[in-house]
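Chemist: Next up is a structure, given as structure tokens.
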Amino acid sequence: MEIKAPTPQVPPPVWTEFKDLQEWEKYHQERPEGDKHSALFESVTEGIHHFPGGFLVTTVADSFLNWARKSSVWPVTFGLACCAIEMMATFASRFDVERLGMVPWASPRHSDLMIVSGTVTIKMAPMLKRIFDQMPDPKWAVSMGSCANSGGPFRHGYHVVKGVDRVIPVDVYVPGCPPPPESLLNGLLLLQDQITHFRTTGKRAAPAAKTD
Amino acid sequence: MSAEGDGSLLTVTVPPDRWAELGRFAKETLGCLYFNFLTAVDWKDQGLEVVARVENLDVGLAVTMKSRLGAGQSACASLVPLYPGADWMERECFDMFGIRFEGHPDLRRILLPQDWEGHPLLKSYAVDTAHPPYR
Amino acid sequence: MDPEARKVIELGYGGSERLTMNMGPQHPSAHGVFRAILSLEGETVVGVDAVIGYLHRCHEKLGESLTYTQYPSIASKTDYVAAMTSELAYVRAAEMVGKIEVPKRAQYLRVIVAELQRIASHCLWLGTWCLDMGGALGGGATVFLYCIREREWVLDLFEALVGARLLYGFHQVGGTRYDVPAGWAQKVRETLGLIEKRLDEYEDMLEGNAFFLARTQDVGGISRELAQTVGISGPLIRGSGVSYDIRRLEPYSSYEDFDFKVPVETAGDCYARYRVRMVEFRESISIVRQALDGLPEGPVSSRPGVKSVGQVRIAKGEGYARVEGPRGEVGCYLISDGSAKPYRMKWRGASFSNLAVLPHILIGCKVADVVAIMGSVDPVFGEVDR
């Protein structure tokens, strides 16, 4: 029978002053090999404070909430035109945005994101505004495709709104006619990145000026 | 009234007061039950022309019916009592050209909002007409 | 007991109390931006006011201001689920009025892409329709995910051919813009073989499902006479017992060379339309195989490539050209005045006429059947509102 030598236990130092703790931290910034925090901690924390026997994570409420917001962006299923078919393809089997926590939801009351997928017409604009207003704050909008960005090929038509940013504020513009699902995925990842830096100011960006 | 034919494709032109009569003739005598489409053409000074196409699927006969309404005229008889499919097509025609189909049960705009001004497919209507506040 | 009083007690309303329910334009089962204002008595629909036009993109007016070279790629945005056939309708109208010949190879290529497009479009229809009918089909989204998987394979073929997934600009006046890349034909055959196997799986999955049958059989019946006078086309009219297929009635683009059958069902209900489309899947696969076998050599266009937007001029005249799209007869009525732009262009969208039958058939059905009927009509709103 093999007898293992007992591992020497380092007695925890006793601090009398906060200055000592800071000093201890300064010398123990280097973390041992293989001891990694999860990516989640890294993304959420403002700082990781080490002390003997463990570590302490400090964060601010905003970044914790933003982490939660970013990981469960639920887009409202709001298909307008051609781009809606590509949006459906993005939600479906091959591209599958549910792995990013995005569940297409049929009710604007429970959604955080509106993907404006297609041409906005003058008849549709008030409806679109109303549906966007029905979504609870904080909410985001992605303008998908040339038509929603600027009117696209139908810009000169008498019944077409020249860009959805004249109706609602837009966070991410995805170009293309229609954008392939990879493009929309990139746009959604950009949006997630943007949500990470979201700060509640009580103000929303004003819609773009109506210039031509 | 004039008619010209090319195989199984027949084009009949009638004055507007005989429009409904032609429709009845096409449906009941020629057996053209299938309603294909109805539209209009704006010939600027010469006024509007209504075009409709019906078909007899059993014998493969297609009749294109045309009627010039005359300059400044915008009234035409409705085909809805004969063909239910003319309902939406005539509403679209009213929406786009301002043609009033007499006898239509529910003649109002179909594609554009109800408060829209003007009839876009008329040649006098510019394609990029502004419509505040959205464009 | 007085029957009227019994009704009040049992149903909770007197039979004259009507509820107005708004459905759309943001409705997950509306297949786009459709709004129906339904009048209900209990669960029964007694009145329908269909509101369309939320996607009116001025196609006909823009068609008058764009040239024959520019417009085909915009034409693909009318019926965006079947862009290949809607482009073809416009291009055929221009060729018919201008009496422009199309080389045999281009005609065969047009047939191949049109039939592949029909497969892709029917995949999307089956998926979204089953998604609409939802929980009754065991999870709802199952069939949708399977169908999209098959559709992506077809879109990969288009991506290899044109470079785009959804809206192509493949056709041009006088032929097609691209020839097939190397190895494409082999890829098509492999994909068709896979899809053919999956179709059996779909049928096993759906036709043995009692819920599916209960929700589709005897629901949304269209009579033979109503079908004709309203002017519906495609799988709808063939589900109502009328053998009306443009490919057979008025063969275009060398359809007379191929051997295929036109499925006709007489019941006129949702299930009949489903059966028609499932047979069409297989017929399309067979047509693509025949066209690949007989693909002749030669040029793909009788006109030079695009150098300027105004290079195609069409002689004075008028014509109505139509093709059989996945949803039915897609027609283009074109009047030319001899310049590079048409004087007047009218789209006869298949979905517009197909949707016009809804107010006739929704009356009297239950409110839950509205989405099932709507899905079996398979409207595409780019084509309804144009």
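Here, A, B, ... name the chains of the structure tokens in the order displayed, residue numbers run from 1 inside each chain, and ligands are numbered from 1 in the same displayed order.
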Each residue of chain A lying at most 10 Å from chain C should get a row with its shortest atom-to-atom pair and the distance in Å to one decimal, counting only C-alpha atoms; could you produce that, ordered by chain and increasing number, as a tab-separated table?
Modeler:
residue	atom	partner	partner_atom	distance
A:Val76	CA	C:Gln26	CA	9.3
A:Thr77	CA	C:Pro28	CA	6.4
A:Phe78	CA	C:Gln26	CA	6.0
A:Gly79	CA	C:Gly32	CA	5.9
A:Leu80	CA	C:Gly32	CA	5.9
A:Ala81	CA	C:Gly382	CA	6.5
A:Cys82	CA	C:Tyr80	CA	5.6
A:Cys83	CA	C:Leu166	CA	8.9
A:Ala84	CA	C:Gly32	CA	8.2
A:Ile85	CA	C:Val81	CA	7.5
A:Glu86	CA	C:Leu166	CA	7.7
A:Met88	CA	C:Ile148	CA	8.8
A:Ala89	CA	C:Ile148	CA	6.9
A:Phe91	CA	C:Leu145	CA	9.3
A:Ala92	CA	C:Leu145	CA	5.8
A:Ser93	CA	C:Leu145	CA	5.3
A:Arg94	CA	C:Arg149	CA	6.6
A:Phe95	CA	C:Arg149	CA	10.0
A:Asp96	CA	C:Leu145	CA	9.8
A:Trp105	CA	C:Pro28	CA	8.9
A:Ala106	CA	C:Pro28	CA	6.0
A:Ser107	CA	C:His27	CA	8.7
A:Pro108	CA	C:Gln26	CA	9.2
A:Gly118	CA	C:Leu55	CA	9.0
A:Thr119	CA	C:Leu55	CA	7.1
A:Val120	CA	C:Leu55	CA	7.3
A:Thr121	CA	C:Leu55	CA	6.2
A:Ile122	CA	C:Tyr54	CA	8.0
A:Lys123	CA	C:Tyr54	CA	5.6
A:Met124	CA	C:Tyr54	CA	5.2
A:Ala125	CA	C:Tyr54	CA	8.9
A:Met127	CA	C:Pro25	CA	7.8
A:Leu128	CA	C:Gln26	CA	8.6
A:Ile131	CA	C:Gln26	CA	8.1
A:Gly151	CA	C:Arg57	CA	10.0
A:Pro153	CA	C:Ile74	CA	7.4
A:Phe154	CA	C:Arg57	CA	6.5
A:Arg155	CA	C:Arg57	CA	9.2
A:His156	CA	C:Leu62	CA	7.9
A:Gly157	CA	C:Cys58	CA	5.5
A:Tyr158	CA	C:Cys58	CA	6.8
A:His159	CA	C:Arg57	CA	6.3
A:Val160	CA	C:Arg57	CA	6.2
A:Val161	CA	C:Arg57	CA	9.8
A:Cys177	CA	C:Leu167	CA	7.8
A:Pro178	CA	C:Leu166	CA	7.2
A:Pro179	CA	C:Arg165	CA	9.2
A:Pro180	CA	C:Arg165	CA	7.1
A:Pro181	CA	C:Arg165	CA	9.6
Chemist: Write down, as a ChimeraX atom specification, each residue of chain C that has any atom within 10 Å of an atom of chain B, counting only C-alpha atoms.
Modeler: /C:50-58,60-62,64-65,225-233,242-244,249-250,320,329,331,333,335,343-350,352-357,360,384-386
Chemist: For N, CA and C atoms, I'd like the residues from the last selection saved as a compact mmCIF listing (two decimals), in the first residue's frame.
Modeler:
# COMPACT_ATOMS: atom_id res chain seq x y z
N ALA C 50 -61.10 40.73 -47.71
CA ALA C 50 -59.67 40.54 -47.92
C ALA C 50 -59.06 41.89 -48.27
N VAL C 51 -58.02 42.26 -47.54
CA VAL C 51 -57.32 43.51 -47.80
C VAL C 51 -55.94 43.16 -48.33
N ILE C 52 -55.66 43.54 -49.55
CA ILE C 52 -54.34 43.29 -50.11
C ILE C 52 -53.72 44.61 -50.51
N GLY C 53 -52.54 44.58 -51.04
CA GLY C 53 -51.89 45.80 -51.49
C GLY C 53 -50.79 46.28 -50.59
N TYR C 54 -50.46 45.49 -49.53
CA TYR C 54 -49.39 45.91 -48.64
C TYR C 54 -48.01 45.75 -49.27
N LEU C 55 -47.96 45.09 -50.40
CA LEU C 55 -46.67 44.92 -51.07
C LEU C 55 -46.77 45.42 -52.51
N HIS C 56 -47.60 46.44 -52.73
CA HIS C 56 -47.72 46.97 -54.09
C HIS C 56 -46.47 47.77 -54.42
N ARG C 57 -45.62 47.18 -55.30
CA ARG C 57 -44.31 47.79 -55.55
C ARG C 57 -44.25 48.43 -56.93
N CYS C 58 -45.41 48.77 -57.49
CA CYS C 58 -45.46 49.55 -58.73
C CYS C 58 -44.78 48.82 -59.89
N GLU C 60 -46.00 47.47 -62.61
CA GLU C 60 -46.47 47.77 -63.95
C GLU C 60 -46.00 49.16 -64.39
N LYS C 61 -45.99 50.10 -63.44
CA LYS C 61 -45.53 51.44 -63.78
C LYS C 61 -44.01 51.43 -64.02
N LEU C 62 -43.28 50.69 -63.18
CA LEU C 62 -41.83 50.61 -63.37
C LEU C 62 -41.51 49.90 -64.68
N GLU C 64 -43.01 50.19 -67.37
CA GLU C 64 -43.10 51.14 -68.47
C GLU C 64 -41.91 52.07 -68.52
N SER C 65 -41.15 52.16 -67.42
CA SER C 65 -40.02 53.09 -67.43
C SER C 65 -38.68 52.36 -67.44
N GLU C 225 -67.17 24.94 -61.52
CA GLU C 225 -67.67 26.14 -62.18
C GLU C 225 -67.06 27.40 -61.57
N LEU C 226 -67.01 27.43 -60.23
CA LEU C 226 -66.42 28.58 -59.55
C LEU C 226 -64.96 28.74 -59.95
N ALA C 227 -64.26 27.60 -60.05
CA ALA C 227 -62.85 27.64 -60.40
C ALA C 227 -62.65 28.34 -61.73
N GLN C 228 -63.53 28.08 -62.68
CA GLN C 228 -63.34 28.66 -64.01
C GLN C 228 -63.74 30.13 -64.04
N THR C 229 -64.90 30.48 -63.45
CA THR C 229 -65.35 31.86 -63.59
C THR C 229 -64.52 32.81 -62.75
N VAL C 230 -63.90 32.31 -61.68
CA VAL C 230 -62.99 33.20 -60.94
C VAL C 230 -61.65 33.28 -61.66
N GLY C 231 -61.30 32.23 -62.37
CA GLY C 231 -60.06 32.26 -63.13
C GLY C 231 -58.86 31.79 -62.36
N ILE C 232 -59.06 30.86 -61.42
CA ILE C 232 -57.89 30.31 -60.73
C ILE C 232 -57.16 29.37 -61.68
N SER C 233 -55.92 29.10 -61.37
CA SER C 233 -55.12 28.27 -62.28
C SER C 233 -54.14 27.44 -61.46
N VAL C 242 -60.43 20.37 -63.51
CA VAL C 242 -60.25 20.96 -64.83
C VAL C 242 -58.80 20.70 -65.24
N SER C 243 -58.62 20.08 -66.39
CA SER C 243 -57.27 19.79 -66.84
C SER C 243 -56.74 21.01 -67.59
N TYR C 244 -56.20 21.95 -66.84
CA TYR C 244 -55.77 23.22 -67.43
C TYR C 244 -54.30 23.42 -67.08
N LEU C 249 -51.64 22.88 -72.92
CA LEU C 249 -52.62 23.60 -73.74
C LEU C 249 -51.95 24.41 -74.83
N GLU C 250 -50.85 25.04 -74.50
CA GLU C 250 -50.22 25.97 -75.42
C GLU C 250 -48.71 25.83 -75.22
N TYR C 320 -49.90 38.56 -75.60
CA TYR C 320 -50.09 38.04 -74.25
C TYR C 320 -49.37 36.70 -74.17
N GLU C 329 -51.04 30.04 -63.92
CA GLU C 329 -50.75 30.77 -65.14
C GLU C 329 -50.16 32.14 -64.81
N GLY C 331 -48.94 35.37 -66.55
CA GLY C 331 -49.05 35.95 -67.88
C GLY C 331 -48.54 37.36 -67.91
N TYR C 333 -49.06 40.73 -70.40
CA TYR C 333 -49.69 41.36 -71.56
C TYR C 333 -48.88 42.60 -71.89
N ILE C 335 -47.70 45.72 -74.56
CA ILE C 335 -47.94 46.55 -75.74
C ILE C 335 -46.67 47.33 -76.00
N TYR C 343 -44.89 50.07 -73.91
CA TYR C 343 -45.86 51.15 -73.69
C TYR C 343 -46.75 50.82 -72.51
N ARG C 344 -47.12 49.55 -72.42
CA ARG C 344 -47.96 49.12 -71.30
C ARG C 344 -47.63 47.67 -71.02
N MET C 345 -47.50 47.35 -69.74
CA MET C 345 -47.23 45.98 -69.38
C MET C 345 -48.17 45.59 -68.25
N LYS C 346 -48.87 44.51 -68.44
CA LYS C 346 -49.80 44.04 -67.40
C LYS C 346 -49.37 42.67 -66.93
N TRP C 347 -49.21 42.53 -65.62
CA TRP C 347 -48.92 41.22 -65.05
C TRP C 347 -50.24 40.55 -64.73
N ARG C 348 -50.37 39.33 -65.20
CA ARG C 348 -51.50 38.53 -64.76
C ARG C 348 -50.91 37.55 -63.75
N GLY C 349 -50.92 37.94 -62.50
CA GLY C 349 -50.30 37.09 -61.49
C GLY C 349 -51.20 35.91 -61.16
N ALA C 350 -50.60 34.73 -61.06
CA ALA C 350 -51.41 33.56 -60.74
C ALA C 350 -52.00 33.69 -59.34
N PHE C 352 -52.83 36.33 -57.68
CA PHE C 352 -53.90 37.32 -57.57
C PHE C 352 -55.25 36.67 -57.83
N SER C 353 -55.31 35.91 -58.93
CA SER C 353 -56.58 35.26 -59.25
C SER C 353 -56.87 34.13 -58.28
N ASN C 354 -55.82 33.42 -57.86
CA ASN C 354 -56.05 32.33 -56.93
C ASN C 354 -56.58 32.84 -55.60
N LEU C 355 -56.05 33.98 -55.17
CA LEU C 355 -56.47 34.52 -53.88
C LEU C 355 -57.88 35.07 -53.96
N ALA C 356 -58.30 35.50 -55.17
CA ALA C 356 -59.63 36.07 -55.32
C ALA C 356 -60.71 35.04 -55.04
N VAL C 357 -60.35 33.75 -54.99
CA VAL C 357 -61.35 32.73 -54.71
C VAL C 357 -61.60 32.62 -53.20
N HIS C 360 -64.91 33.50 -51.60
CA HIS C 360 -66.00 32.60 -51.97
C HIS C 360 -65.97 31.31 -51.17
N VAL C 384 -49.38 38.94 -55.92
CA VAL C 384 -50.75 39.40 -55.70
C VAL C 384 -50.79 40.91 -55.85
N ASP C 385 -49.87 41.60 -55.19
CA ASP C 385 -49.91 43.05 -55.16
C ASP C 385 -49.09 43.69 -56.28
N ARG C 386 -48.15 42.97 -56.76
CA ARG C 386 -47.27 43.41 -57.84
C ARG C 386 -46.70 44.81 -57.61
Chemist: Between CA of Phe212 in chain C and CA of Phe281 in chain C, what is the distance in Å, rounded to a tenth?
Modeler: 19.5 Å
Chemist: Hey, can you check how far CA of Val102 in chain C sits from CA of Asp257 in chain C?
Modeler: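 Those two atoms sit 15.4 Å apart.
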Chemist: Apply DSSP to the backbone of this structure and, from range 156-351 of chain C, keep only the residues in alpha helix (DSSP H); write these as a ChimeraX atom specification.
Modeler: /C:156-161,184-207,210-216,224-230,235-239,246-249,270-293,350-351
Chemist: Determine, counting only C-alpha atoms, which protein, DNA and RNA residues have an atom within 12 Å of an atom of Val46 in chain C; residues of the same chain fewer than 2 positions away are not included. Present the result as a ChimeraX atom specification.
Modeler: /C:15-21,37-44,48-49,359-367,370
Chemist: Can I get the selection written as an mmCIF file, in the first residue's frame, with N, CA, C and O atoms?
Modeler:
data_model
loop_
_atom_site.group_PDB
_atom_site.id
_atom_site.type_symbol
_atom_site.label_atom_id
_atom_site.label_comp_id
_atom_site.auth_asym_id
_atom_site.auth_seq_id
_atom_site.Cartn_x
_atom_site.Cartn_y
_atom_site.Cartn_z
ATOM 1 N N GLY C 15 -76.928 33.730 -31.985
ATOM 2 C CA GLY C 15 -76.905 33.434 -33.410
ATOM 3 C C GLY C 15 -76.781 34.675 -34.250
ATOM 4 O O GLY C 15 -76.375 34.614 -35.398
ATOM 5 N N SER C 16 -77.088 35.816 -33.678
ATOM 6 C CA SER C 16 -76.968 37.033 -34.466
ATOM 7 C C SER C 16 -75.800 37.877 -33.972
ATOM 8 O O SER C 16 -75.503 38.907 -34.537
ATOM 9 N N GLU C 17 -75.129 37.411 -32.941
ATOM 10 C CA GLU C 17 -74.022 38.189 -32.407
ATOM 11 C C GLU C 17 -72.763 37.910 -33.214
ATOM 12 O O GLU C 17 -72.319 36.763 -33.304
ATOM 13 N N ARG C 18 -72.232 38.926 -33.815
ATOM 14 C CA ARG C 18 -71.086 38.717 -34.696
ATOM 15 C C ARG C 18 -69.831 39.314 -34.082
ATOM 16 O O ARG C 18 -69.857 40.375 -33.491
ATOM 17 N N LEU C 19 -68.752 38.595 -34.295
ATOM 18 C CA LEU C 19 -67.458 39.060 -33.817
ATOM 19 C C LEU C 19 -66.610 39.374 -35.043
ATOM 20 O O LEU C 19 -66.524 38.572 -35.965
ATOM 21 N N THR C 20 -66.021 40.546 -35.047
ATOM 22 C CA THR C 20 -65.132 40.881 -36.153
ATOM 23 C C THR C 20 -63.708 40.627 -35.712
ATOM 24 O O THR C 20 -63.281 41.137 -34.678
ATOM 25 N N MET C 21 -63.007 39.815 -36.491
ATOM 26 C CA MET C 21 -61.640 39.468 -36.121
ATOM 27 C C MET C 21 -60.692 39.891 -37.227
ATOM 28 O O MET C 21 -60.935 39.611 -38.393
ATOM 29 N N ILE C 37 -60.264 40.536 -42.820
ATOM 30 C CA ILE C 37 -61.150 40.959 -41.745
ATOM 31 C C ILE C 37 -62.308 39.978 -41.753
ATOM 32 O O ILE C 37 -63.133 39.973 -42.660
ATOM 33 N N LEU C 38 -62.316 39.098 -40.746
ATOM 34 C CA LEU C 38 -63.283 38.013 -40.725
ATOM 35 C C LEU C 38 -64.449 38.382 -39.822
ATOM 36 O O LEU C 38 -64.251 38.938 -38.747
ATOM 37 N N SER C 39 -65.664 38.088 -40.275
ATOM 38 C CA SER C 39 -66.827 38.186 -39.398
ATOM 39 C C SER C 39 -67.161 36.781 -38.939
ATOM 40 O O SER C 39 -67.317 35.884 -39.768
ATOM 41 N N LEU C 40 -67.230 36.613 -37.645
ATOM 42 C CA LEU C 40 -67.428 35.277 -37.102
ATOM 43 C C LEU C 40 -68.744 35.198 -36.359
ATOM 44 O O LEU C 40 -69.171 36.158 -35.707
ATOM 45 N N GLU C 41 -69.377 34.047 -36.479
ATOM 46 C CA GLU C 41 -70.486 33.716 -35.587
ATOM 47 C C GLU C 41 -70.033 32.480 -34.848
ATOM 48 O O GLU C 41 -69.997 31.395 -35.412
ATOM 49 N N GLY C 42 -69.631 32.665 -33.605
ATOM 50 C CA GLY C 42 -69.010 31.552 -32.895
ATOM 51 C C GLY C 42 -67.697 31.225 -33.579
ATOM 52 O O GLY C 42 -66.837 32.072 -33.713
ATOM 53 N N GLU C 43 -67.582 29.995 -34.071
ATOM 54 C CA GLU C 43 -66.356 29.566 -34.739
ATOM 55 C C GLU C 43 -66.475 29.667 -36.251
ATOM 56 O O GLU C 43 -65.535 29.373 -36.962
ATOM 57 N N THR C 44 -67.668 30.013 -36.735
ATOM 58 C CA THR C 44 -67.907 29.930 -38.170
ATOM 59 C C THR C 44 -67.683 31.276 -38.835
ATOM 60 O O THR C 44 -68.137 32.306 -38.335
ATOM 61 N N VAL C 48 -65.960 37.699 -45.154
ATOM 62 C CA VAL C 48 -64.530 37.899 -45.343
ATOM 63 C C VAL C 48 -64.325 39.187 -46.130
ATOM 64 O O VAL C 48 -64.945 39.381 -47.174
ATOM 65 N N ASP C 49 -63.502 40.053 -45.615
ATOM 66 C CA ASP C 49 -63.069 41.197 -46.407
ATOM 67 C C ASP C 49 -61.558 41.080 -46.531
ATOM 68 O O ASP C 49 -60.836 41.275 -45.567
ATOM 69 N N PRO C 359 -62.591 34.742 -50.721
ATOM 70 C CA PRO C 359 -63.873 35.193 -50.171
ATOM 71 C C PRO C 359 -65.039 34.278 -50.530
ATOM 72 O O PRO C 359 -66.036 34.257 -49.818
ATOM 73 N N HIS C 360 -64.914 33.502 -51.603
ATOM 74 C CA HIS C 360 -66.003 32.597 -51.969
ATOM 75 C C HIS C 360 -65.966 31.310 -51.165
ATOM 76 O O HIS C 360 -67.013 30.728 -50.906
ATOM 77 N N ILE C 361 -64.754 30.835 -50.817
ATOM 78 C CA ILE C 361 -64.700 29.513 -50.183
ATOM 79 C C ILE C 361 -64.545 29.577 -48.670
ATOM 80 O O ILE C 361 -64.775 28.590 -48.000
ATOM 81 N N LEU C 362 -64.178 30.744 -48.123
ATOM 82 C CA LEU C 362 -63.999 30.798 -46.672
ATOM 83 C C LEU C 362 -65.329 30.864 -45.935
ATOM 84 O O LEU C 362 -65.407 30.491 -44.769
ATOM 85 N N ILE C 363 -66.375 31.350 -46.611
ATOM 86 C CA ILE C 363 -67.670 31.503 -45.958
ATOM 87 C C ILE C 363 -68.170 30.130 -45.518
ATOM 88 O O ILE C 363 -68.253 29.199 -46.315
ATOM 89 N N GLY C 364 -68.482 30.019 -44.246
ATOM 90 C CA GLY C 364 -69.056 28.773 -43.756
ATOM 91 C C GLY C 364 -68.043 27.827 -43.155
ATOM 92 O O GLY C 364 -68.426 26.832 -42.557
ATOM 93 N N CYS C 365 -66.757 28.100 -43.319
ATOM 94 C CA CYS C 365 -65.797 27.176 -42.716
ATOM 95 C C CYS C 365 -65.435 27.661 -41.312
ATOM 96 O O CYS C 365 -65.778 28.765 -40.910
ATOM 97 N N LYS C 366 -64.747 26.819 -40.573
ATOM 98 C CA LYS C 366 -64.358 27.183 -39.214
ATOM 99 C C LYS C 366 -63.132 28.099 -39.261
ATOM 100 O O LYS C 366 -62.348 28.056 -40.210
ATOM 101 N N VAL C 367 -62.953 28.847 -38.214
ATOM 102 C CA VAL C 367 -61.880 29.840 -38.233
ATOM 103 C C VAL C 367 -60.510 29.153 -38.251
ATOM 104 O O VAL C 367 -59.549 29.664 -38.843
ATOM 105 N N VAL C 370 -59.145 28.456 -41.742
ATOM 106 C CA VAL C 370 -58.752 29.553 -42.618
ATOM 107 C C VAL C 370 -57.284 29.423 -43.013
ATOM 108 O O VAL C 370 -56.936 29.549 -44.184
#
Chemist: Can you list, as a list of chain:residue names, every protein, DNA or RNA residue that comes within 12 Å of Arg109 in chain A when you count only C-alpha atoms, leaving out same-chain residues fewer than 5 positions away?
Modeler: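 Everything that qualifies: A:Trp74, A:Pro75, A:Val76, A:Thr77, A:Met114, A:Arg130, A:Ile131, A:Phe132, A:Asp133, A:Gln134, A:Met135, A:Pro136, A:Asp137, A:Pro138, A:Lys139.
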Chemist: Which of range 43-291 of chain C end up as strand (DSSP E or B) when DSSP is run on this backbone - answer as a VMD selection string?
Modeler: chain C and resid 44 to 51 171 to 172 175 to 176
Chemist: Given the selection you just returned, output its residues as a file containing N, CA and C atoms, formatted as a short mmCIF file (atom, residue, chain, number, x, y, z; two decimals), in the first residue's frame.
Modeler:
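result_37.cif, freshly written:
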data_model
loop_
_atom_site.label_atom_id
_atom_site.label_comp_id
_atom_site.auth_asym_id
_atom_site.auth_seq_id
_atom_site.Cartn_x
_atom_site.Cartn_y
_atom_site.Cartn_z
N THR C 44 -67.67 30.01 -36.73
CA THR C 44 -67.91 29.93 -38.17
C THR C 44 -67.68 31.28 -38.83
N VAL C 45 -66.99 31.24 -39.96
CA VAL C 45 -66.73 32.46 -40.71
C VAL C 45 -67.98 32.78 -41.53
N VAL C 46 -68.52 33.98 -41.36
CA VAL C 46 -69.69 34.34 -42.15
C VAL C 46 -69.40 35.49 -43.11
N GLY C 47 -68.27 36.13 -42.97
CA GLY C 47 -67.96 37.21 -43.90
C GLY C 47 -66.47 37.42 -43.97
N VAL C 48 -65.96 37.70 -45.15
CA VAL C 48 -64.53 37.90 -45.34
C VAL C 48 -64.32 39.19 -46.13
N ASP C 49 -63.50 40.05 -45.61
CA ASP C 49 -63.07 41.20 -46.41
C ASP C 49 -61.56 41.08 -46.53
N ALA C 50 -61.10 40.73 -47.71
CA ALA C 50 -59.67 40.54 -47.92
C ALA C 50 -59.06 41.89 -48.27
N VAL C 51 -58.02 42.26 -47.54
CA VAL C 51 -57.32 43.51 -47.80
C VAL C 51 -55.94 43.16 -48.33
N HIS C 171 -32.86 34.73 -67.39
CA HIS C 171 -33.37 34.82 -68.76
C HIS C 171 -33.10 36.21 -69.32
N GLN C 172 -32.89 36.27 -70.61
CA GLN C 172 -32.86 37.57 -71.27
C GLN C 172 -33.56 37.41 -72.61
N GLY C 175 -32.89 34.42 -75.25
CA GLY C 175 -32.22 33.21 -74.74
C GLY C 175 -31.98 33.30 -73.26
N THR C 176 -30.88 32.67 -72.84
CA THR C 176 -30.52 32.75 -71.43
C THR C 176 -29.18 33.45 -71.30
#
Chemist: Choose the residue, out of B:Trp116, B:Ser124, B:Gly23, B:Leu10, that has the smallest atom-to-atom separation from chain A; count only C-alpha atoms.
Modeler: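 Among the listed residues, B:Trp116 lies closest to chain A.
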Chemist: Please determine, counting only C-alpha atoms, which residue among A:Ser111, A:Asp165, A:His197, A:Phe18 has the shortest atom-to-atom distance to chain B.
Modeler: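 Of A:Ser111, A:Asp165, A:His197, A:Phe18, the one nearest chain B, counting only C-alpha atoms, is A:Asp165.
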